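Note sheet for the following structure.
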Amino acid sequence: MSKIIKDKIRKLGGTFLANDNISKYLESKDIIEIQKNTEQAMIKLLDALVIDVENDHNTIDTAKRVAKMYIQEVFKGRYLPSPKITDFPNAKDLDQIYTIGPITVRSACSHHLVPIIGNAWIGVIPSNRIIGISKFNRLTDWIMSRPQIQEEATVQLADEIEKLIKPKALAVVIKAKHMCMSLRGVKDNSSMTTSIMRGLFKDNNSARNEFLNIIKGQDY
């Protein structure tokens, strides 16, 4: 099934990179099959690790649980379309900064498939259209629920917001800890911060500093 889906995506000129959304190429039955295939692959992985999944009471259903977790939760941003976002006219011509955050970030490093945990802040000076503040949280969750590297995730989130409402100014800041650093390798608990500044936040020092001062101290 995975080969059929990959051939279909290639034929239509698409890609299926780790942090791509491939929902437009999938039917609901395809997602069910992907989950089944993932379960079978996980059984093989556990077997390769010399874990007795037939007799070990702790791991008998591990493959099924992991497959469900990956497809329906941790990596759902690959398989499900964007959350429905309703935008509204900026009827009052709002031209001041509004910020949302800290938004909880949960993702997984595409290098080692271990958690990335942190917070995101989004700042906007609206143009003609606005969206409800909860939609920023939903978009963040959708983008982050894929195998990611933080640098690319920050750009993807900014691109999605910009495409939706074309704000006069847009800022996206993500600060997160990566378990690929704390569980292995250097085993350090430091955080990584990435930021995207566009429009007035990029060109106007005063606007940018106002946004950064607003989020200062909010676990940032």
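The chains in the structure tokens are called A, B, ... from first to last as shown; in each chain the residues are counted from 1, and the ligands are counted from 1 in the order shown.
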
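Summary of the local environment: counting only C-alpha atoms, residues at most 9 Å from region 201-208 of chain A, other than itself and those fewer than 3 positions away along its chain, are Ile97, Gly123, Val124, Ile125, Lys168, Ala169, Leu170, Ala171, Ile196, Met197, Arg198, Phe211, Leu212 and Asn213 of chain A.
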
Using only C-alpha atoms, what table do you get, as CSV, when you list each residue of region 3-120 of chain A with an atom no more than 8 Å from region 146-162 of chain A, its nearest pair of atoms, and their distance in Å rounded to one decimal, rows by chain then rising number?
residue,atom,partner,partner_atom,distance
A:Ala18,CA,A:Pro147,CA,5.5
A:Asn19,CA,A:Arg146,CA,5.4
A:Asp20,CA,A:Arg146,CA,7.9
A:Val74,CA,A:Arg146,CA,6.5
A:Phe75,CA,A:Arg146,CA,4.3
A:Lys76,CA,A:Arg146,CA,6.7
A:Gly77,CA,A:Arg146,CA,5.4
A:Arg78,CA,A:Arg146,CA,5.8
A:Ser107,CA,A:Arg146,CA,6.4
A:Ala108,CA,A:Pro147,CA,5.1
A:Cys109,CA,A:Gln148,CA,5.2
A:Ser110,CA,A:Pro147,CA,4.4
A:His111,CA,A:Ile149,CA,8.0
A:Leu113,CA,A:Pro147,CA,6.8

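Between Ile116 (chain A) and the residues A:Lys135, A:Lys166, A:Arg10, A:Lys175, the shortest atom-to-atom distance, using only C-alpha atoms, involves A:Lys175.
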
* Write down as a ChimeraX atom specification the residues of chain A whose backbone DSSP state falls under strand (DSSP E or B). => /A:87-89,98-109,115-125,129-131,147-148,169-178,191-199

Go ahead and save the picked residues with N, CA and C atoms, as a CSV table (one decimal), in the first residue's frame.
chain,number,residue,atom,x,y,z
A,87,ASP,N,-12.0,33.1,8.3
A,87,ASP,CA,-11.4,34.4,8.5
A,87,ASP,C,-12.5,35.4,8.4
A,88,PHE,N,-12.3,36.6,9.0
A,88,PHE,CA,-13.3,37.7,9.1
A,88,PHE,C,-12.7,39.0,8.6
A,89,PRO,N,-13.6,39.9,8.1
A,89,PRO,CA,-13.1,41.2,7.7
A,89,PRO,C,-12.6,41.9,9.0
A,98,TYR,N,-1.3,42.3,18.1
A,98,TYR,CA,-1.8,41.3,19.1
A,98,TYR,C,-1.0,40.0,19.0
A,99,THR,N,-0.9,39.4,20.2
A,99,THR,CA,0.0,38.3,20.3
A,99,THR,C,-0.8,37.1,20.9
A,100,ILE,N,-0.3,35.9,20.5
A,100,ILE,CA,-0.9,34.7,21.1
A,100,ILE,C,0.3,33.8,21.6
A,101,GLY,N,0.2,33.4,22.8
A,101,GLY,CA,1.2,32.5,23.4
A,101,GLY,C,1.3,32.7,24.9
A,102,PRO,N,2.1,31.8,25.5
A,102,PRO,CA,2.8,30.7,24.9
A,102,PRO,C,1.8,29.6,24.4
A,103,ILE,N,2.0,29.1,23.2
A,103,ILE,CA,1.2,28.0,22.6
A,103,ILE,C,2.1,26.8,22.8
A,104,THR,N,1.6,25.7,23.4
A,104,THR,CA,2.4,24.5,23.7
A,104,THR,C,2.7,23.9,22.3
A,105,VAL,N,4.0,23.6,22.2
A,105,VAL,CA,4.5,22.9,21.0
A,105,VAL,C,4.9,21.5,21.4
A,106,ARG,N,4.4,20.5,20.6
A,106,ARG,CA,4.7,19.1,20.7
A,106,ARG,C,5.0,18.6,19.4
A,107,SER,N,6.2,18.1,19.2
A,107,SER,CA,6.6,17.6,17.8
A,107,SER,C,7.6,16.4,18.0
A,108,ALA,N,8.2,16.0,16.9
A,108,ALA,CA,9.2,15.0,17.0
A,108,ALA,C,10.3,15.3,16.0
A,109,CYS,N,11.5,15.1,16.5
A,109,CYS,CA,12.7,15.4,15.6
A,109,CYS,C,12.7,14.4,14.5
A,115,PRO,N,10.9,13.3,21.0
A,115,PRO,CA,10.1,14.5,21.2
A,115,PRO,C,10.8,15.8,21.1
A,116,ILE,N,10.1,16.8,20.6
A,116,ILE,CA,10.5,18.3,20.7
A,116,ILE,C,9.3,18.9,21.5
A,117,ILE,N,9.7,19.5,22.6
A,117,ILE,CA,8.7,20.1,23.5
A,117,ILE,C,9.0,21.5,23.8
A,118,GLY,N,8.0,22.4,23.7
A,118,GLY,CA,8.3,23.8,24.0
A,118,GLY,C,7.1,24.7,23.8
A,119,ASN,N,7.4,26.0,23.5
A,119,ASN,CA,6.3,27.0,23.3
A,119,ASN,C,6.5,27.8,22.1
A,120,ALA,N,5.4,28.3,21.6
A,120,ALA,CA,5.4,29.2,20.4
A,120,ALA,C,4.7,30.5,20.7
A,121,TRP,N,5.1,31.6,20.1
A,121,TRP,CA,4.5,32.9,20.3
A,121,TRP,C,4.2,33.4,18.9
A,122,ILE,N,3.1,33.9,18.6
A,122,ILE,CA,2.7,34.5,17.3
A,122,ILE,C,2.3,35.9,17.5
A,123,GLY,N,2.8,36.8,16.7
A,123,GLY,CA,2.4,38.2,16.8
A,123,GLY,C,2.0,38.7,15.4
A,124,VAL,N,0.9,39.5,15.4
A,124,VAL,CA,0.3,39.9,14.1
A,124,VAL,C,-0.1,41.4,14.2
A,125,ILE,N,0.2,42.2,13.2
A,125,ILE,CA,-0.5,43.4,12.9
A,125,ILE,C,-1.4,43.1,11.7
A,129,ARG,N,-7.9,41.1,6.8
A,129,ARG,CA,-8.6,39.9,7.4
A,129,ARG,C,-8.0,39.5,8.7
A,130,ILE,N,-8.8,38.9,9.6
A,130,ILE,CA,-8.4,38.4,10.9
A,130,ILE,C,-9.0,37.0,11.1
A,131,ILE,N,-8.4,36.2,12.0
A,131,ILE,CA,-8.9,34.9,12.3
A,131,ILE,C,-9.0,34.8,13.9
A,147,PRO,N,7.1,14.8,11.7
A,147,PRO,CA,8.5,14.7,12.0
A,147,PRO,C,9.1,16.1,11.5
A,148,GLN,N,9.7,16.8,12.3
A,148,GLN,CA,10.1,18.2,12.0
A,148,GLN,C,11.6,18.4,12.4
A,169,ALA,N,2.2,42.7,9.5
A,169,ALA,CA,3.4,42.3,10.3
A,169,ALA,C,3.1,40.9,10.8
A,170,LEU,N,4.1,40.0,10.8
A,170,LEU,CA,3.9,38.7,11.3
A,170,LEU,C,5.2,38.3,12.0
A,171,ALA,N,5.1,37.8,13.2
A,171,ALA,CA,6.2,37.2,14.0
A,171,ALA,C,5.8,35.8,14.5
A,172,VAL,N,6.8,34.9,14.3
A,172,VAL,CA,6.6,33.5,14.9
A,172,VAL,C,7.9,33.2,15.6
A,173,VAL,N,7.8,32.9,16.9
A,173,VAL,CA,8.9,32.5,17.7
A,173,VAL,C,8.6,31.2,18.4
A,174,ILE,N,9.6,30.3,18.2
A,174,ILE,CA,9.4,29.0,18.9
A,174,ILE,C,10.7,28.7,19.7
A,175,LYS,N,10.4,28.3,21.0
A,175,LYS,CA,11.5,28.0,21.9
A,175,LYS,C,11.2,26.6,22.4
A,176,ALA,N,12.1,25.6,22.2
A,176,ALA,CA,11.8,24.2,22.5
A,176,ALA,C,13.1,23.5,22.9
A,177,LYS,N,12.8,22.4,23.7
A,177,LYS,CA,13.9,21.5,24.0
A,177,LYS,C,13.7,20.2,23.2
A,178,HIS,N,14.9,19.7,22.8
A,178,HIS,CA,14.9,18.6,21.9
A,178,HIS,C,15.5,17.3,22.6
A,191,SER,N,17.8,24.8,25.4
A,191,SER,CA,16.7,25.0,24.4
A,191,SER,C,17.2,25.6,23.1
A,192,MET,N,16.4,25.5,22.1
A,192,MET,CA,16.6,26.2,20.8
A,192,MET,C,15.5,27.2,20.6
A,193,THR,N,15.9,28.4,20.1
A,193,THR,CA,14.9,29.4,19.8
A,193,THR,C,15.1,29.8,18.3
A,194,THR,N,13.9,29.8,17.6
A,194,THR,CA,13.9,30.2,16.2
A,194,THR,C,12.9,31.3,16.1
A,195,SER,N,13.1,32.2,15.2
A,195,SER,CA,12.1,33.3,15.0
A,195,SER,C,12.1,33.7,13.5
A,196,ILE,N,10.9,34.0,13.1
A,196,ILE,CA,10.6,34.6,11.8
A,196,ILE,C,9.9,35.9,12.0
A,197,MET,N,10.5,36.9,11.3
A,197,MET,CA,9.9,38.3,11.3
A,197,MET,C,9.6,38.7,9.9
A,198,ARG,N,8.4,39.1,9.7
A,198,ARG,CA,8.0,39.5,8.3
A,198,ARG,C,7.2,40.8,8.3
A,199,GLY,N,7.2,41.5,7.2
A,199,GLY,CA,6.5,42.8,7.1
A,199,GLY,C,7.1,43.8,8.0

Could you tell me how far CA of Met69 (chain A) sits from CA of Leu26 (chain A), in Å to one decimal place?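 Those two atoms sit 18.6 Å apart.
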
*How far is it from CA of Arg138 (chain A) to CA of Pro83 (chain A), in Å with one decimal?*
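Between these atoms lies a distance of 6.7 Å.
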
Problem - Atom pair CA of Ile60 (chain A) / CA of Leu46 (chain A): separation (Å) - result: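 Atom-to-atom, CA of Ile60 (chain A) to CA of Leu46 (chain A), that is 10.3 Å.
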
Exercise for review: May I have all residues of region 88-162 of chain A that DSSP, computed from the backbone, assigns to helix (DSSP H, G or I), given as a list of chain:residue names?
Suggested key: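 Answer for region 88-162 of chain A, restricted to helix (DSSP H, G or I): A:Ile133, A:Ser134, A:Lys135, A:Phe136, A:Asn137, A:Arg138, A:Leu139, A:Thr140, A:Asp141, A:Trp142, A:Ile143, A:Met144, A:Gln150, A:Glu151, A:Glu152, A:Ala153, A:Thr154, A:Val155, A:Gln156, A:Leu157, A:Ala158, A:Asp159, A:Glu160, A:Ile161, A:Glu162.
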
Given the selection you just returned, output its residues as a file containing N, CA and C atoms, formatted as an mmCIF file, in the first residue's frame.
data_model
loop_
_atom_site.group_PDB
_atom_site.id
_atom_site.type_symbol
_atom_site.label_atom_id
_atom_site.label_comp_id
_atom_site.auth_asym_id
_atom_site.auth_seq_id
_atom_site.Cartn_x
_atom_site.Cartn_y
_atom_site.Cartn_z
ATOM 1 N N ILE A 133 -8.436 33.710 17.650
ATOM 2 C CA ILE A 133 -7.132 33.424 18.263
ATOM 3 C C ILE A 133 -6.900 31.930 18.447
ATOM 4 N N SER A 134 -7.958 31.139 18.694
ATOM 5 C CA SER A 134 -7.760 29.699 18.880
ATOM 6 C C SER A 134 -7.256 29.026 17.615
ATOM 7 N N LYS A 135 -7.512 29.656 16.471
ATOM 8 C CA LYS A 135 -7.073 29.061 15.204
ATOM 9 C C LYS A 135 -5.551 29.056 15.083
ATOM 10 N N PHE A 136 -4.890 30.005 15.735
ATOM 11 C CA PHE A 136 -3.430 29.987 15.734
ATOM 12 C C PHE A 136 -2.909 28.743 16.460
ATOM 13 N N ASN A 137 -3.590 28.384 17.558
ATOM 14 C CA ASN A 137 -3.209 27.174 18.285
ATOM 15 C C ASN A 137 -3.408 25.931 17.418
ATOM 16 N N ARG A 138 -4.533 25.890 16.717
ATOM 17 C CA ARG A 138 -4.832 24.722 15.874
ATOM 18 C C ARG A 138 -3.835 24.598 14.730
ATOM 19 N N LEU A 139 -3.490 25.724 14.122
ATOM 20 C CA LEU A 139 -2.516 25.701 13.037
ATOM 21 C C LEU A 139 -1.142 25.255 13.540
ATOM 22 N N THR A 140 -0.762 25.756 14.716
ATOM 23 C CA THR A 140 0.518 25.369 15.296
ATOM 24 C C THR A 140 0.562 23.868 15.533
ATOM 25 N N ASP A 141 -0.489 23.321 16.101
ATOM 26 C CA ASP A 141 -0.549 21.885 16.362
ATOM 27 C C ASP A 141 -0.474 21.094 15.058
ATOM 28 N N TRP A 142 -1.167 21.562 14.021
ATOM 29 C CA TRP A 142 -1.185 20.871 12.724
ATOM 30 C C TRP A 142 0.207 20.844 12.085
ATOM 31 N N ILE A 143 0.898 21.969 12.132
ATOM 32 C CA ILE A 143 2.238 22.044 11.546
ATOM 33 C C ILE A 143 3.242 21.219 12.355
ATOM 34 N N MET A 144 3.136 21.278 13.674
ATOM 35 C CA MET A 144 4.120 20.609 14.517
ATOM 36 C C MET A 144 3.890 19.101 14.608
ATOM 37 N N GLN A 150 13.106 22.109 13.855
ATOM 38 C CA GLN A 150 12.455 23.327 14.346
ATOM 39 C C GLN A 150 12.565 24.482 13.367
ATOM 40 N N GLU A 151 13.707 24.596 12.694
ATOM 41 C CA GLU A 151 13.910 25.712 11.765
ATOM 42 C C GLU A 151 12.861 25.693 10.648
ATOM 43 N N GLU A 152 12.624 24.508 10.082
ATOM 44 C CA GLU A 152 11.655 24.398 8.992
ATOM 45 C C GLU A 152 10.227 24.540 9.495
ATOM 46 N N ALA A 153 9.955 24.016 10.679
ATOM 47 C CA ALA A 153 8.611 24.126 11.246
ATOM 48 C C ALA A 153 8.206 25.584 11.449
ATOM 49 N N THR A 154 9.155 26.405 11.899
ATOM 50 C CA THR A 154 8.875 27.823 12.123
ATOM 51 C C THR A 154 8.499 28.515 10.814
ATOM 52 N N VAL A 155 9.227 28.194 9.756
ATOM 53 C CA VAL A 155 8.931 28.767 8.440
ATOM 54 C C VAL A 155 7.581 28.282 7.932
ATOM 55 N N GLN A 156 7.301 27.000 8.075
ATOM 56 C CA GLN A 156 6.021 26.451 7.614
ATOM 57 C C GLN A 156 4.845 27.129 8.304
ATOM 58 N N LEU A 157 4.955 27.332 9.614
ATOM 59 C CA LEU A 157 3.873 27.975 10.358
ATOM 60 C C LEU A 157 3.681 29.413 9.902
ATOM 61 N N ALA A 158 4.777 30.132 9.738
ATOM 62 C CA ALA A 158 4.684 31.520 9.271
ATOM 63 C C ALA A 158 4.063 31.576 7.872
ATOM 64 N N ASP A 159 4.472 30.674 6.985
ATOM 65 C CA ASP A 159 3.919 30.651 5.623
ATOM 66 C C ASP A 159 2.413 30.420 5.641
ATOM 67 N N GLU A 160 1.971 29.520 6.507
ATOM 68 C CA GLU A 160 0.544 29.183 6.566
ATOM 69 C C GLU A 160 -0.278 30.376 7.040
ATOM 70 N N ILE A 161 0.202 31.063 8.082
ATOM 71 C CA ILE A 161 -0.519 32.231 8.596
ATOM 72 C C ILE A 161 -0.537 33.347 7.553
ATOM 73 N N GLU A 162 0.606 33.558 6.918
ATOM 74 C CA GLU A 162 0.701 34.619 5.909
ATOM 75 C C GLU A 162 -0.242 34.343 4.738
#

With only C-alpha atoms as the counted atoms, please give the residues lying no more than 12 Å from Thr38 (chain A), apart from itself and same-chain residues fewer than 6 positions off, as a ChimeraX atom specification. /A:1-2,31-32,44-45,62-72

Go ahead and write the residues just picked, C-alpha atoms, as an mmCIF file, in the first residue's frame.
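Once everything was written out, this is selection-v3.cif:
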data_model
loop_
_atom_site.group_PDB
_atom_site.id
_atom_site.type_symbol
_atom_site.label_atom_id
_atom_site.label_comp_id
_atom_site.auth_asym_id
_atom_site.auth_seq_id
_atom_site.Cartn_x
_atom_site.Cartn_y
_atom_site.Cartn_z
ATOM 1 C CA MET A 1 0.000 0.000 0.000
ATOM 2 C CA SER A 2 2.765 2.488 0.820
ATOM 3 C CA ILE A 31 -4.860 6.118 6.366
ATOM 4 C CA ILE A 32 -6.223 2.895 7.844
ATOM 5 C CA LYS A 44 9.584 -6.224 12.844
ATOM 6 C CA LEU A 45 11.486 -3.447 14.612
ATOM 7 C CA THR A 62 3.215 -2.064 21.782
ATOM 8 C CA ALA A 63 3.322 -2.157 17.962
ATOM 9 C CA LYS A 64 -0.408 -1.430 17.748
ATOM 10 C CA ARG A 65 -0.168 1.403 20.275
ATOM 11 C CA VAL A 66 2.835 2.999 18.566
ATOM 12 C CA ALA A 67 1.200 2.817 15.119
ATOM 13 C CA LYS A 68 -1.971 4.459 16.430
ATOM 14 C CA MET A 69 0.065 7.123 18.249
ATOM 15 C CA TYR A 70 2.098 8.007 15.154
ATOM 16 C CA ILE A 71 -0.746 8.114 12.653
ATOM 17 C CA GLN A 72 -3.546 9.587 14.779
#
